[in-house]
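*Asks:* What follows is my_file_0.cif, mmCIF, C-alpha atoms.
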```
data_work
#
loop_
_atom_site.label_atom_id
_atom_site.label_comp_id
_atom_site.auth_asym_id
_atom_site.auth_seq_id
_atom_site.Cartn_x
_atom_site.Cartn_y
_atom_site.Cartn_z
CA MET A 52 -45.15 82.31 -16.84
CA THR A 53 -45.74 82.95 -20.51
CA GLY A 54 -48.78 81.88 -22.51
CA THR A 55 -46.95 78.98 -24.17
CA GLU A 56 -45.85 77.62 -20.82
CA ALA A 57 -49.35 77.98 -19.38
CA ILE A 58 -50.78 76.04 -22.35
CA PHE A 59 -48.06 73.40 -22.03
CA TYR A 60 -48.73 72.76 -18.33
CA LEU A 61 -52.50 72.75 -18.90
CA MET A 62 -52.09 70.19 -21.70
CA ALA A 63 -49.60 68.18 -19.65
CA ALA A 64 -52.17 68.01 -16.86
CA ALA A 65 -54.84 66.94 -19.37
CA ALA A 66 -52.56 64.26 -20.88
CA VAL A 67 -51.55 62.81 -17.50
CA GLY A 68 -55.10 63.03 -16.17
CA GLY A 69 -56.41 61.23 -19.25
CA GLY A 70 -53.68 58.62 -18.95
CA LEU A 71 -54.58 58.02 -15.30
CA GLY A 72 -58.20 57.66 -16.40
CA VAL A 73 -57.26 55.06 -19.03
CA VAL A 74 -55.46 52.83 -16.53
CA LEU A 75 -57.51 53.46 -13.36
CA LEU A 76 -61.18 54.06 -14.29
CA ARG A 77 -63.36 51.03 -13.70
CA ASN A 78 -65.95 51.99 -16.33
CA VAL A 79 -64.48 50.89 -19.66
CA VAL A 80 -66.32 53.52 -21.74
CA TYR A 81 -65.05 56.32 -19.49
CA ALA A 82 -61.55 54.87 -19.87
CA ALA A 83 -61.88 55.06 -23.66
CA LEU A 84 -63.14 58.66 -23.45
CA SER A 85 -60.19 59.67 -21.26
CA LEU A 86 -57.91 58.09 -23.87
CA ILE A 87 -59.41 60.56 -26.39
CA LEU A 88 -58.57 63.39 -23.94
CA THR A 89 -54.95 62.22 -23.79
CA LEU A 90 -54.72 61.91 -27.58
CA LEU A 91 -56.02 65.47 -28.06
CA ALA A 92 -53.53 66.76 -25.47
CA VAL A 93 -50.73 65.01 -27.37
CA ALA A 94 -51.94 66.78 -30.54
CA ALA A 95 -51.58 70.06 -28.61
CA PHE A 96 -47.98 69.08 -27.75
CA TYR A 97 -47.30 68.59 -31.46
CA ILE A 98 -48.62 72.10 -32.15
CA LEU A 99 -46.38 73.47 -29.34
CA LEU A 100 -43.47 71.65 -31.02
CA ALA A 101 -44.30 73.43 -34.33
CA THR A 102 -45.26 70.20 -36.12
CA GLU A 103 -48.82 71.05 -37.19
CA PHE A 104 -48.91 68.19 -39.70
CA LEU A 105 -48.48 65.63 -36.92
CA ALA A 106 -51.16 67.38 -34.87
CA LEU A 107 -53.60 67.08 -37.79
CA VAL A 108 -52.73 63.42 -38.33
CA GLN A 109 -53.00 62.76 -34.60
CA ILE A 110 -56.50 64.24 -34.40
CA LEU A 111 -57.73 62.62 -37.63
CA ILE A 112 -56.30 59.12 -37.20
CA TYR A 113 -55.81 58.71 -33.45
CA ALA A 114 -58.57 60.74 -31.83
CA GLY A 115 -60.89 60.01 -34.77
CA ALA A 116 -60.37 56.55 -36.21
CA VAL A 117 -58.42 54.64 -33.54
CA ALA A 118 -60.55 55.85 -30.62
CA ILE A 119 -63.76 55.00 -32.50
CA LEU A 120 -62.39 51.52 -33.36
CA LEU A 121 -61.61 50.96 -29.67
CA LEU A 122 -65.12 52.04 -28.68
CA PHE A 123 -66.48 49.64 -31.34
CA ALA A 124 -64.37 46.84 -29.88
CA LEU A 125 -65.79 47.59 -26.41
CA MET A 126 -69.32 47.58 -27.83
CA LEU A 127 -68.93 44.40 -29.89
CA THR A 128 -67.41 42.44 -27.00
CA ARG A 129 -70.43 43.44 -24.89
CA ALA A 130 -68.30 45.32 -22.39
CA HIS A 131 -71.41 47.34 -21.60
CA ASP A 132 -73.12 44.27 -20.11
CA ALA A 133 -70.48 44.25 -17.38
CA PRO A 134 -69.00 47.75 -17.66
CA MET A 135 -67.02 47.47 -14.44
CA ALA A 136 -63.65 46.05 -15.48
CA ALA A 137 -61.92 44.11 -12.73
CA ASP A 138 -58.17 44.47 -12.77
CA GLY A 139 -55.93 41.42 -12.67
CA PRO A 140 -54.28 40.06 -9.53
CA GLN A 141 -50.85 41.38 -10.53
CA LYS A 142 -51.95 44.98 -9.89
CA PRO A 143 -49.38 45.68 -7.09
CA ILE A 144 -46.56 44.30 -9.23
CA ALA A 145 -47.76 46.47 -12.12
CA ALA A 146 -47.76 49.55 -9.87
CA VAL A 147 -44.23 48.79 -8.70
CA ALA A 148 -43.07 48.23 -12.30
CA GLY A 149 -44.65 51.49 -13.50
CA MET A 150 -43.19 53.50 -10.59
CA ALA A 151 -39.74 51.93 -11.06
CA LEU A 152 -39.76 52.67 -14.79
CA PHE A 153 -40.77 56.28 -14.17
CA GLY A 154 -38.06 56.58 -11.53
CA VAL A 155 -35.44 55.37 -13.99
CA LEU A 156 -36.71 57.68 -16.75
CA ALA A 157 -36.90 60.73 -14.45
CA THR A 158 -33.41 60.07 -13.09
CA ALA A 159 -32.05 59.76 -16.63
CA VAL A 160 -33.76 63.01 -17.73
CA ALA A 161 -32.61 64.89 -14.62
CA GLY A 162 -29.07 63.55 -14.80
CA THR A 163 -28.42 64.52 -18.42
CA THR A 164 -27.23 67.92 -19.59
CA TRP A 165 -29.59 69.00 -22.35
CA PRO A 166 -28.64 71.66 -24.94
CA ARG A 167 -29.38 75.02 -23.33
CA ASP A 168 -29.78 76.84 -26.66
CA ALA A 169 -33.27 75.39 -26.97
CA GLY A 170 -34.92 78.80 -26.75
CA GLN A 171 -35.44 78.39 -30.48
CA ILE A 172 -36.89 75.44 -32.32
CA THR A 173 -37.08 75.04 -36.07
CA ARG A 174 -40.37 74.70 -37.88
CA VAL A 175 -40.20 72.03 -40.58
CA PRO A 176 -42.55 73.11 -43.41
CA PHE A 177 -45.10 70.71 -44.89
CA GLU A 178 -43.26 70.74 -48.24
CA THR A 179 -39.94 69.68 -46.74
CA LEU A 180 -41.62 66.95 -44.71
CA GLY A 181 -43.54 65.56 -47.69
CA ASP A 182 -40.45 65.72 -49.88
CA ALA A 183 -38.41 63.75 -47.34
CA LEU A 184 -41.24 61.25 -46.81
CA PHE A 185 -41.65 60.45 -50.51
CA ARG A 186 -37.97 60.60 -51.55
CA GLN A 187 -35.63 59.79 -48.68
CA TRP A 188 -38.10 57.54 -46.83
CA ALA A 189 -39.88 56.10 -49.86
CA VAL A 190 -39.05 52.46 -49.05
CA PRO A 191 -40.29 52.56 -45.42
CA PHE A 192 -43.34 54.42 -46.72
CA GLU A 193 -44.15 51.63 -49.19
CA VAL A 194 -43.51 48.97 -46.54
CA ALA A 195 -45.88 50.81 -44.19
CA SER A 196 -48.58 50.89 -46.86
CA LEU A 197 -48.10 47.14 -47.40
CA VAL A 198 -48.36 46.55 -43.64
CA LEU A 199 -51.60 48.55 -43.56
CA LEU A 200 -53.03 46.54 -46.46
CA VAL A 201 -52.09 43.18 -44.92
CA ALA A 202 -53.36 44.20 -41.47
CA LEU A 203 -56.71 45.40 -42.78
CA VAL A 204 -57.25 42.34 -45.03
CA GLY A 205 -56.26 40.18 -42.04
CA ALA A 206 -58.71 42.03 -39.80
CA ILE A 207 -61.54 41.45 -42.31
CA VAL A 208 -60.69 37.74 -42.62
CA LEU A 209 -60.55 37.35 -38.82
CA ALA A 210 -63.72 39.26 -38.05
CA ARG A 211 -65.85 37.72 -40.83
CA PRO A 212 -68.20 34.94 -39.71
CA GLU A 213 -67.14 31.49 -40.91
CA GLU A 214 -69.18 29.26 -43.25
CA GLY A 215 -72.11 27.75 -41.43
CA GLU A 216 -71.64 29.96 -38.40
CA MET B 197 -36.95 76.55 -42.30
CA GLU B 198 -37.94 79.26 -39.90
CA SER B 199 -37.17 79.34 -36.20
CA VAL B 200 -39.84 79.84 -33.60
CA ALA B 201 -39.31 80.78 -29.96
CA GLN B 202 -39.90 77.97 -27.48
CA GLU B 203 -40.08 78.74 -23.77
CA VAL B 204 -40.82 75.17 -22.64
CA PRO B 205 -37.57 73.28 -22.04
CA LEU B 206 -36.98 69.85 -23.60
CA GLU B 207 -36.92 68.12 -20.19
CA HIS B 208 -40.56 68.93 -19.53
CA PHE B 209 -41.68 67.16 -22.69
CA LEU B 210 -39.51 64.19 -21.74
CA ILE B 211 -40.98 64.03 -18.23
CA VAL B 212 -44.57 64.14 -19.53
CA SER B 213 -43.74 61.42 -22.04
CA GLY B 214 -42.09 59.38 -19.26
CA ILE B 215 -45.22 59.66 -17.11
CA LEU B 216 -47.45 58.57 -20.01
CA PHE B 217 -45.16 55.61 -20.83
CA SER B 218 -45.09 54.44 -17.19
CA LEU B 219 -48.88 54.71 -17.00
CA GLY B 220 -49.07 52.60 -20.17
CA VAL B 221 -46.79 49.95 -18.65
CA TYR B 222 -48.94 49.88 -15.51
CA GLY B 223 -52.10 49.55 -17.62
CA VAL B 224 -50.74 46.71 -19.75
CA LEU B 225 -49.74 44.77 -16.62
CA ALA B 226 -52.77 45.52 -14.44
CA ARG B 227 -55.75 45.41 -16.82
CA ARG B 228 -57.57 42.19 -17.73
CA ASN B 229 -59.77 43.35 -20.61
CA ALA B 230 -57.92 43.04 -23.94
CA VAL B 231 -59.34 46.33 -25.26
CA LEU B 232 -58.12 48.20 -22.15
CA ILE B 233 -54.67 46.64 -22.60
CA LEU B 234 -54.72 47.90 -26.19
CA MET B 235 -55.58 51.40 -24.96
CA SER B 236 -52.60 51.30 -22.59
CA VAL B 237 -50.39 50.30 -25.53
CA GLU B 238 -51.69 53.39 -27.37
CA LEU B 239 -50.60 55.51 -24.38
CA MET B 240 -47.09 54.07 -24.66
CA LEU B 241 -46.94 54.67 -28.42
CA ASN B 242 -48.00 58.28 -27.93
CA ALA B 243 -45.38 58.78 -25.21
CA VAL B 244 -42.67 57.52 -27.57
CA SER B 245 -43.93 59.80 -30.37
CA ILE B 246 -43.81 62.89 -28.11
CA ASN B 247 -40.29 61.92 -27.10
CA MET B 248 -39.06 61.53 -30.68
CA VAL B 249 -40.72 64.69 -32.00
CA ALA B 250 -39.33 66.71 -29.08
CA PHE B 251 -35.81 65.38 -29.71
CA ALA B 252 -36.18 66.04 -33.45
CA VAL B 253 -37.20 69.69 -33.13
CA TYR B 254 -34.87 70.51 -30.23
CA THR B 255 -31.66 68.74 -31.15
CA SER B 256 -31.50 67.87 -34.87
CA PRO B 257 -34.02 70.00 -36.80
CA GLN B 258 -32.09 69.67 -40.05
CA PHE B 259 -32.79 65.92 -40.24
CA PHE B 260 -36.25 65.74 -38.57
CA VAL B 261 -36.03 61.93 -38.48
CA GLY B 262 -38.12 61.95 -35.29
CA ILE B 263 -41.05 63.57 -37.09
CA ILE B 264 -40.93 60.94 -39.84
CA PHE B 265 -40.79 58.27 -37.12
CA ALA B 266 -43.91 59.70 -35.48
CA VAL B 267 -45.76 59.54 -38.83
CA PHE B 268 -44.87 55.85 -39.14
CA VAL B 269 -45.79 55.18 -35.50
CA ILE B 270 -49.27 56.61 -36.12
CA THR B 271 -49.62 54.53 -39.32
CA ILE B 272 -48.57 51.29 -37.66
CA ALA B 273 -50.79 52.02 -34.65
CA ALA B 274 -53.80 52.32 -36.97
CA ALA B 275 -52.95 48.96 -38.57
CA GLU B 276 -52.34 47.41 -35.15
CA VAL B 277 -55.68 48.55 -33.72
CA GLY B 278 -57.57 47.26 -36.77
CA LEU B 279 -55.93 43.85 -36.56
CA ALA B 280 -56.25 43.64 -32.78
CA LEU B 281 -59.96 44.44 -33.04
CA GLY B 282 -60.35 41.48 -35.45
CA ILE B 283 -58.46 39.15 -33.11
CA ILE B 284 -60.40 40.29 -30.02
CA LEU B 285 -63.71 39.81 -31.84
CA ARG B 286 -62.61 36.30 -32.87
CA ILE B 287 -61.65 35.41 -29.29
CA TYR B 288 -64.92 36.85 -28.02
CA ARG B 289 -66.89 34.75 -30.54
CA ASN B 290 -65.05 31.55 -29.61
CA ARG B 291 -64.66 32.01 -25.86
CA ALA B 292 -67.36 34.60 -24.96
CA THR B 293 -64.79 36.67 -23.08
CA ALA B 294 -62.44 39.54 -23.79
CA ASN B 295 -60.36 39.01 -20.64
CA VAL B 296 -56.84 37.91 -21.43
CA ASP B 297 -56.45 35.73 -18.31
CA GLU B 298 -59.42 33.56 -19.32
CA VAL B 299 -57.82 32.69 -22.68
CA ASP B 300 -55.34 30.20 -21.26
CA GLN B 301 -55.58 27.05 -23.38
CA LEU B 302 -51.85 27.19 -24.08
CA LYS B 303 -51.05 27.34 -20.35
CA TRP B 304 -49.80 23.98 -19.09
#
```
In structure tokens, how does this file's structure come out?

*Replies:*
Amino acid sequence: MTGTEAIFYLMAAAAVGGGLGVVLLRNVVYAALSLILTLLAVAAFYILLATEFLALVQILIYAGAVAILLLFALMLTRAHDAPMAADGPQKPIAAVAGMALFGVLATAVAGTTWPRDAGQITRVPFETLGDALFRQWAVPFEVASLVLLVALVGAIVLARPEEGE
Amino acid sequence: MESVAQEVPLEHFLIVSGILFSLGVYGVLARRNAVLILMSVELMLNAVSINMVAFAVYTSPQFFVGIIFAVFVITIAAAEVGLALGIILRIYRNRATANVDEVDQLKW
């Protein structure tokens, strides 16, 4: 087993372990912390896939901002007063649905012939990526920035206390 | 664009992403707390991003559409979490709960 493979399987174990923690842990703060573990492991996958830019964005936005926002949401909804989250009554159905979906996905992956020349992958340089993002994908980029603006203004309006409250 | 050696086959990335997506589906269906449901949605979004980036670098590196997609997924996820936090806070202020099954006024 080479070093890359060893790192991949280590990170895969971290990602799956963190994911299990997110959906199974009864302490909500521990669940949020295991989500951070998963997000960092996904950043490691991006580095293994030679997309360092995505790894940086993943760590900055996901593991930094999004995880902190989620922890804030837990704190502001007083999840710490009753930190033991009870799962809903449809837990067995959810387990069956998750297993069935994974079965379908695994069968599809195993049953498909993937290109065998994948001993080489191509590194896309930052410059090429930025060029494509601002030229070829300029319209989706602007739409995304509009969505961000609307979502954040909406979040402020929703979270602000009303008059007389 | 330079090539780099990659010993890990594409299938392994797809299997990990499949596991993460299934865990996310389980979490969305089984959890009651809205913030925990949101975290499970983040798991699913990450699984899809891994999938698309892996396909982009393994099968069509000259177009790298999957990488661009992952950038947009991360952007939209940030917007989504911000907005969802606002909505959850609003529900908590009105109903004193963050459990989705207790917010059932629209249920007949």

*Asks:* Which residues would end up in the selection if the PyMOL selection byres ((chain B and resi 269-285) around 6) were applied here, given that I need the answer as a PyMOL selection string?

*Replies:* (chain A and resi 124+199+202+206+209-210) or (chain B and resi 266-268+286-288)

*Asks:* Applied to the shown file, which residues does the PyMOL selection byres ((chain B and resi 234) around 12) return, written as a ChimeraX atom specification?

*Replies:* /A:73-74,82-83,86,117-118,120-122,124-125 /B:220-221,223-225,227-233,235-241,273-274,276-281,283-284,294-296

*Asks:* Please determine, counting all atoms listed in the file, which residue among B:Ile264, B:Val299, B:Leu206, B:Ala292 has the shortest atom-to-atom distance to Arg129 in chain A.

*Replies:* B:Ala292

*Asks:* One decimal, in Å: what's the spacing between CA of Ile172 in chain A and CA of Thr102 in chain A?

*Replies:*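 These two atoms are separated by 10.6 Å.
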
*Asks:* CA of Met126 in chain A and CA of Val79 in chain A, how far apart in Å?

*Replies:*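 CA of Met126 in chain A lies 10.1 Å from CA of Val79 in chain A.
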
*Asks:* Interatomic distance between CA of Met150 in chain A and CA of Leu219 in chain B?

*Replies:*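 Separation between CA of Met150 in chain A and CA of Leu219 in chain B: 8.7 Å.
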
*Asks:* Between A:Tyr81, A:Tyr97, A:Tyr113, A:Tyr60, which has the minimum distance to Met248 in chain B (counting all atoms listed in the file)?

*Replies:*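 Of A:Tyr81, A:Tyr97, A:Tyr113, A:Tyr60, the one nearest Met248 in chain B is A:Tyr97, counting all atoms listed in the file.
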
*Asks:* With a distance cut-off of 9 Å and all atoms listed in the file, select the neighbouring residues of Ala94 in chain A, excluding the residue or stretch itself and same-chain residues fewer than 2 positions from it, and output the selection as a ChimeraX atom specification.

*Replies:* /A:89-92,96-99,103,105-110

*Asks:* Can you pull out every residue within 10 Å of Val261 in chain B, counting all atoms listed in the file, but drop anything in the same chain fewer than 5 positions away, and send it as a PDB file with C-alpha atoms, in the frame of the given file?

*Replies:*
```
ATOM      1  CA  LEU A 180     -41.620  66.950 -44.710  1.00  0.00           C
ATOM      2  CA  ALA A 183     -38.410  63.750 -47.340  1.00  0.00           C
ATOM      3  CA  LEU A 184     -41.240  61.250 -46.810  1.00  0.00           C
ATOM      4  CA  TRP A 188     -38.100  57.540 -46.830  1.00  0.00           C
TER       5      TRP A 188
ATOM      6  CA  MET B 248     -39.060  61.530 -30.680  1.00  0.00           C
ATOM      7  CA  VAL B 249     -40.720  64.690 -32.000  1.00  0.00           C
ATOM      8  CA  PHE B 251     -35.810  65.380 -29.710  1.00  0.00           C
ATOM      9  CA  ALA B 252     -36.180  66.040 -33.450  1.00  0.00           C
ATOM     10  CA  VAL B 253     -37.200  69.690 -33.130  1.00  0.00           C
ATOM     11  CA  SER B 256     -31.500  67.870 -34.870  1.00  0.00           C
ATOM     12  CA  ALA B 266     -43.910  59.700 -35.480  1.00  0.00           C
TER      13      ALA B 266
END
```

*Asks:* Out of A:Leu84, A:Leu203, A:Leu156, A:Leu197, which residue has the shortest atom-to-atom distance to Ser213 in chain B when counting all atoms listed in the file?

*Replies:*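 Result for the nearest residue to Ser213 in chain B: A:Leu156.
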
*Asks:* Applying 8 Å and only C-alpha atoms, which residues near Ala243 in chain B remain after dropping the ones on its own chain fewer than 4 positions away? List them as an mmCIF file with C-alpha atoms, in the coordinates of the input.

*Replies:*
```
data_model
loop_
_atom_site.group_PDB
_atom_site.id
_atom_site.type_symbol
_atom_site.label_atom_id
_atom_site.label_comp_id
_atom_site.auth_asym_id
_atom_site.auth_seq_id
_atom_site.Cartn_x
_atom_site.Cartn_y
_atom_site.Cartn_z
ATOM 1 C CA VAL B 212 -44.570 64.140 -19.530
ATOM 2 C CA SER B 213 -43.740 61.420 -22.040
ATOM 3 C CA GLY B 214 -42.090 59.380 -19.260
ATOM 4 C CA LEU B 216 -47.450 58.570 -20.010
ATOM 5 C CA PHE B 217 -45.160 55.610 -20.830
ATOM 6 C CA LEU B 239 -50.600 55.510 -24.380
ATOM 7 C CA ASN B 247 -40.290 61.920 -27.100
#
```

*Asks:* Nearest to Val160 in chain A among B:Leu302, B:Leu210, B:Val244, B:Val204, with distances taken over only C-alpha atoms: which residue is it?

*Replies:*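 Result for the nearest residue to Val160 in chain A: B:Leu210.
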